>>> print(open('upload-v5.cif').read())   # mmCIF, C-alpha atoms
data_entry
loop_
_atom_site.label_atom_id
_atom_site.label_comp_id
_atom_site.auth_asym_id
_atom_site.auth_seq_id
_atom_site.Cartn_x
_atom_site.Cartn_y
_atom_site.Cartn_z
CA MET B 5 -35.60 8.46 -25.85
CA LYS B 6 -33.24 6.30 -27.95
CA GLU B 7 -30.77 9.18 -28.08
CA ARG B 8 -30.70 9.38 -24.28
CA ILE B 9 -30.11 5.65 -23.96
CA VAL B 10 -27.28 5.77 -26.50
CA LEU B 11 -25.79 8.79 -24.70
CA PHE B 12 -26.08 7.06 -21.32
CA ILE B 13 -24.41 3.88 -22.61
CA SER B 14 -21.63 5.90 -24.27
CA VAL B 15 -20.94 7.81 -21.04
CA PHE B 16 -20.98 4.54 -19.06
CA PHE B 17 -18.39 2.90 -21.33
CA PHE B 18 -16.27 6.03 -21.32
CA MET B 19 -16.25 6.11 -17.50
CA CYS B 20 -15.38 2.42 -17.29
CA SER B 21 -12.51 2.77 -19.72
CA CYS B 22 -11.13 5.78 -17.83
CA SER B 23 -11.02 3.96 -14.51
CA ASN B 24 -9.28 0.94 -16.05
CA THR B 25 -6.67 3.16 -17.67
CA SER B 26 -6.12 4.87 -14.35
CA GLU B 27 -5.60 1.56 -12.56
CA MET B 28 -3.36 0.25 -15.33
CA GLY B 29 -1.42 3.52 -15.23
CA ILE B 30 -0.88 3.13 -11.48
CA GLU B 31 0.30 -0.46 -11.99
CA LYS B 32 2.77 0.74 -14.64
CA LEU B 33 4.05 3.52 -12.34
CA VAL B 34 4.57 1.03 -9.50
CA SER B 35 6.28 -1.49 -11.79
CA ASN B 36 8.69 1.18 -13.10
CA PHE B 37 9.35 2.38 -9.55
CA VAL B 38 10.21 -1.14 -8.35
CA GLN B 39 12.44 -1.90 -11.32
CA SER B 40 14.36 1.35 -10.91
CA SER B 41 14.99 0.71 -7.21
CA LEU B 42 16.37 -2.83 -7.52
CA PRO B 43 20.07 -3.66 -7.79
CA GLU B 44 21.20 -4.41 -11.35
CA THR B 45 21.89 -8.09 -10.60
CA TRP B 46 18.31 -8.78 -9.44
CA THR B 47 15.53 -9.83 -11.81
CA TYR B 48 11.96 -8.64 -11.33
CA GLU B 49 8.80 -10.64 -12.04
CA PRO B 50 5.46 -8.99 -11.22
CA ILE B 51 3.03 -11.47 -9.67
CA ALA B 52 -0.11 -9.54 -8.75
CA TYR B 53 -1.60 -6.13 -8.05
CA SER B 54 -4.54 -5.49 -5.77
CA VAL B 55 -7.41 -3.27 -6.79
CA THR B 56 -6.69 0.38 -6.04
CA ASP B 57 -8.38 2.11 -3.15
CA SER B 58 -8.36 5.57 -1.64
CA ALA B 59 -5.52 6.20 0.80
CA MET B 60 -6.24 8.38 3.79
CA SER B 61 -3.76 10.08 6.10
CA LYS B 62 -3.13 8.62 9.56
CA VAL B 63 -2.40 10.41 12.81
CA GLU B 64 0.56 8.08 13.34
CA ASP B 65 2.25 9.66 10.29
CA THR B 66 2.10 13.24 11.63
CA LYS B 67 5.29 14.82 12.89
CA GLN B 68 3.70 15.76 16.22
CA TYR B 69 2.59 12.18 16.93
CA GLN B 70 5.99 10.74 15.94
CA GLU B 71 7.76 13.19 18.25
CA LEU B 72 5.57 12.03 21.15
CA VAL B 73 6.32 8.37 20.39
CA GLU B 74 10.07 9.10 20.27
CA ALA B 75 9.96 11.06 23.52
CA GLN B 76 8.03 8.27 25.22
CA ALA B 77 10.53 5.68 23.95
CA ARG B 78 13.44 7.65 25.46
CA LEU B 79 11.92 7.36 28.93
CA ASP B 80 13.59 4.72 31.03
CA SER B 81 11.89 2.33 33.50
CA SER B 82 8.86 2.68 35.70
CA PHE B 83 10.35 5.52 37.79
CA ILE B 84 8.85 7.96 35.33
CA HIS B 85 5.40 6.43 35.10
CA ASP B 86 3.68 9.83 35.32
CA GLU B 87 5.57 11.19 32.30
CA THR B 88 4.67 8.07 30.31
CA ILE B 89 1.01 8.58 31.17
CA GLY B 90 1.32 12.24 30.07
CA TYR B 91 2.65 11.25 26.63
CA TYR B 92 -0.04 8.60 26.31
CA GLU B 93 -2.75 11.17 27.09
CA GLU B 94 -1.31 13.63 24.55
CA MET B 95 -1.27 10.94 21.85
CA LYS B 96 -4.84 9.98 22.74
CA LYS B 97 -5.90 13.66 22.45
CA LEU B 98 -4.18 13.96 19.05
CA LYS B 99 -6.00 10.85 17.80
CA SER B 100 -9.38 12.21 18.90
CA LYS B 101 -8.83 15.56 17.14
CA PHE B 102 -7.29 14.14 13.96
CA THR B 103 -9.33 14.25 10.76
CA PRO B 104 -8.02 11.99 7.98
CA HIS B 105 -7.71 13.46 4.50
CA TYR B 106 -7.25 11.94 1.06
CA ILE B 107 -3.57 11.47 0.16
CA GLY B 108 -3.79 9.38 -3.03
CA LYS B 109 -4.46 5.88 -4.30
CA LYS B 110 -3.31 2.78 -2.43
CA ILE B 111 -2.26 -0.40 -4.21
CA ILE B 112 -0.56 -3.57 -2.99
CA HIS B 113 1.95 -5.20 -5.31
CA ALA B 114 3.50 -8.67 -5.03
CA TYR B 115 6.55 -9.56 -7.06
CA LEU B 116 9.35 -12.09 -7.20
CA CYS B 117 13.01 -11.13 -7.32
CA SER B 118 15.86 -13.43 -8.14
CA THR B 119 18.58 -12.07 -5.90
CA ASN B 120 22.19 -13.05 -5.26
CA PHE B 121 20.91 -15.10 -2.32
CA GLY B 122 17.97 -16.87 -4.01
CA ASP B 123 14.39 -15.97 -4.87
CA SER B 124 12.37 -13.68 -2.63
CA LEU B 125 8.69 -12.74 -2.69
CA PHE B 126 8.04 -9.08 -1.91
CA ILE B 127 4.64 -7.66 -0.97
CA ASN B 128 4.60 -3.87 -0.75
CA THR B 129 1.93 -1.25 -0.26
CA TYR B 130 2.34 1.86 -2.39
CA ILE B 131 0.59 5.20 -2.13
CA VAL B 132 0.40 7.09 -5.44
CA GLY B 133 -0.39 10.78 -5.05
CA ALA B 134 -2.29 12.87 -7.57
CA ASP B 135 1.05 14.17 -8.84
CA GLY B 136 2.29 10.62 -9.56
CA ASP B 137 4.77 10.57 -6.66
CA ILE B 138 5.06 7.17 -5.01
CA THR B 139 5.67 6.44 -1.36
CA LYS B 140 6.20 2.90 -0.16
CA SER B 141 5.14 1.38 3.15
CA ASN B 142 4.59 -1.99 4.79
CA THR B 143 7.35 -3.83 2.93
CA THR B 144 7.42 -7.57 3.46
CA SER B 145 9.73 -10.11 1.88
CA VAL B 146 9.99 -13.86 2.17
CA TYR B 147 12.54 -16.29 0.75
CA VAL B 148 10.89 -18.78 -1.61
CA SER B 149 12.19 -21.80 -3.40
CA SER B 150 11.47 -21.74 -7.11
CA PRO B 151 8.18 -23.63 -7.59
CA ASP B 152 7.19 -25.33 -10.81
CA SER B 153 5.20 -23.20 -13.27
CA MET B 154 1.87 -24.98 -12.61
CA ARG B 155 2.07 -24.30 -8.89
CA MET B 156 3.21 -20.75 -9.52
CA GLU B 157 0.13 -19.94 -11.64
CA SER B 158 -2.14 -21.24 -8.89
CA THR B 159 -0.20 -19.24 -6.30
CA LYS B 160 -0.49 -16.08 -8.42
CA LYS B 161 -4.30 -16.40 -8.56
CA GLN B 162 -4.57 -16.98 -4.81
CA LEU B 163 -2.24 -14.08 -4.11
CA LYS B 164 -4.29 -11.74 -6.32
CA GLN B 165 -7.47 -12.65 -4.39
CA PHE B 166 -5.67 -12.14 -1.09
CA LEU B 167 -4.34 -8.73 -2.15
CA ASP B 168 -7.78 -7.55 -3.25
CA GLU B 169 -9.14 -8.45 0.18
CA ALA B 170 -6.14 -6.97 2.01
CA VAL B 171 -6.56 -3.53 0.45
CA LYS B 172 -10.11 -3.40 1.87
CA TRP B 173 -8.97 -4.12 5.46
CA LYS B 174 -7.88 -0.56 6.21
#
>>> encode(input="upload-v5.cif", output="C-alpha cells")
Amino acid sequence: MKERIVLFISVFFFMCSCSNTSEMGIEKLVSNFVQSSLPETWTYEPIAYSVTDSAMSKVEDTKQYQELVEAQARLDSSFIHDETIGYYEEMKKLKSKFTPHYIGKKIIHAYLCSTNFGDSLFINTYIVGADGDITKSNTTSVYVSSPDSMRMESTKKQLKQFLDEAVKWK
C-alpha cells in the first residue's frame, strides 16, 4: 500500500513539473519571437503572460469563409440586397457545418517597448502549434507614460490577473 502511495505521489509531481516546463517553454518561445521581430532600436520588457489554454480553429479563419466575406464586401449599395442575403446565408451554413479542431496552445503576452516615439504597451495573443510555430493575432498597443516602479509593479499584477481571465473568455 505504501509503495502505491509513493508511486502515486511521484507520478503526480512528475506530471506537475512537466506542465510547468511546457508553460515556461511556451513563454520562452513567445519572448524570443517578440524580441526577434522588434526593430533594433526598441527595448523589450516582458510584463505578464496569461495561463495557456487550448486554441481551437474558427470558421472565420477558413479560406472559404474569408472569400465569402470579401465577395460580400465588394458588393455596392442596397441595389444588390438579394446577393448580400445569399452570401449571408452561405456564411451561416458554413458556420453550422463547421467543427472546430485543436490547433495548439493559446497564450496572451503583455510587454512594454521603448520605441523611438515613447513607451508603448503591447498585448498580443499567440497560438503555439505542436511543432513550435507561432502565429500572432489580436495585437493591441497603447502609448503609456513611464510610471514609477511602485505603480508599475501593481499594474503588472493587475495585468496578469486580467490576462488569466481573458484567455478563458473564448
>>> closest_residue(input="upload-v5.cif", among="B:Thr129, B:Glu74, B:Leu167, B:Cys117", to="Leu42 in chain B", atoms="only C-alpha atoms")
B:Cys117
>>> residues_around(input="upload-v5.cif", residues="Val63 in chain B", least_positions_apart="4", cutoff="10 Å", atoms="only C-alpha atoms", output="NGL selection string")
:B and (67-70 or 95 or 98-104)
>>> residues_near_point(input="upload-v5.cif", point="(11.3, -10.0, -4.9)", cutoff="7 Å", atoms="all atoms listed in the file", output="JSON, numbers by chain")
{"B": [48, 115, 116, 117, 118, 123, 124, 125, 126, 145]}
>>> resolve_selection(input="upload-v5.cif", expression="the PyMOL selection byres ((chain B and resi 163) around 12)", output="PyMOL selection string")
chain B and resi 50-54+112-115+125-127+156-162+164-170
>>> write_last_selection(input="upload-v5.cif", atoms="C-alpha atoms", output="mmCIF file, keeping the file's coordinate frame")
data_model
loop_
_atom_site.group_PDB
_atom_site.id
_atom_site.type_symbol
_atom_site.label_atom_id
_atom_site.label_comp_id
_atom_site.auth_asym_id
_atom_site.auth_seq_id
_atom_site.Cartn_x
_atom_site.Cartn_y
_atom_site.Cartn_z
ATOM 1 C CA PRO B 50 5.460 -8.990 -11.220
ATOM 2 C CA ILE B 51 3.030 -11.470 -9.670
ATOM 3 C CA ALA B 52 -0.110 -9.540 -8.750
ATOM 4 C CA TYR B 53 -1.600 -6.130 -8.050
ATOM 5 C CA SER B 54 -4.540 -5.490 -5.770
ATOM 6 C CA ILE B 112 -0.560 -3.570 -2.990
ATOM 7 C CA HIS B 113 1.950 -5.200 -5.310
ATOM 8 C CA ALA B 114 3.500 -8.670 -5.030
ATOM 9 C CA TYR B 115 6.550 -9.560 -7.060
ATOM 10 C CA LEU B 125 8.690 -12.740 -2.690
ATOM 11 C CA PHE B 126 8.040 -9.080 -1.910
ATOM 12 C CA ILE B 127 4.640 -7.660 -0.970
ATOM 13 C CA MET B 156 3.210 -20.750 -9.520
ATOM 14 C CA GLU B 157 0.130 -19.940 -11.640
ATOM 15 C CA SER B 158 -2.140 -21.240 -8.890
ATOM 16 C CA THR B 159 -0.200 -19.240 -6.300
ATOM 17 C CA LYS B 160 -0.490 -16.080 -8.420
ATOM 18 C CA LYS B 161 -4.300 -16.400 -8.560
ATOM 19 C CA GLN B 162 -4.570 -16.980 -4.810
ATOM 20 C CA LYS B 164 -4.290 -11.740 -6.320
ATOM 21 C CA GLN B 165 -7.470 -12.650 -4.390
ATOM 22 C CA PHE B 166 -5.670 -12.140 -1.090
ATOM 23 C CA LEU B 167 -4.340 -8.730 -2.150
ATOM 24 C CA ASP B 168 -7.780 -7.550 -3.250
ATOM 25 C CA GLU B 169 -9.140 -8.450 0.180
ATOM 26 C CA ALA B 170 -6.140 -6.970 2.010
#
>>> atom_distance(input="upload-v5.cif", atom1="CA of Thr119 in chain B", atom2="CA of Thr47 in chain B")
7.0 Å
>>> atom_distance(input="upload-v5.cif", atom1="CA of Glu64 in chain B", atom2="CA of Thr144 in chain B")
19.7 Å
>>> atom_distance(input="upload-v5.cif", atom1="CA of Gly122 in chain B", atom2="CA of Leu33 in chain B")
26.1 Å
>>> closest_residue(input="upload-v5.cif", among="B:Trp46, B:Tyr91, B:Phe121, B:Tyr106", to="Gly133 in chain B", atoms="all atoms listed in the file")
B:Tyr106
>>> resolve_selection(input="upload-v5.cif", expression="the PyMOL selection byres ((chain B and resi 60) around 7)", output="ChimeraX atom specification")
/B:58-59,61-62,104-107
>>> closest_residue(input="upload-v5.cif", among="B:Asn128, B:Gly29, B:Ile89, B:Asp137", to="Ile111 in chain B", atoms="all atoms listed in the file")
B:Asn128
>>> axis_aligned_box(input="upload-v5.cif", around="range 93-102 of chain B", padding_each_side="3 Å", output="lines of an AutoDock Vina configuration file")
center_x = -5.3
center_y = 12.8
center_z = 20.5
size_x = 14.1
size_y = 11.6
size_z = 19.1
>>> closest_residue(input="upload-v5.cif", among="B:Thr88, B:Gln39, B:Thr45, B:Thr56", to="Lys109 in chain B", atoms="all atoms listed in the file")
B:Thr56
>>> closest_residue(input="upload-v5.cif", among="B:Ser26, B:Lys32, B:Phe37, B:Glu44", to="Thr139 in chain B", atoms="all atoms listed in the file")
B:Phe37
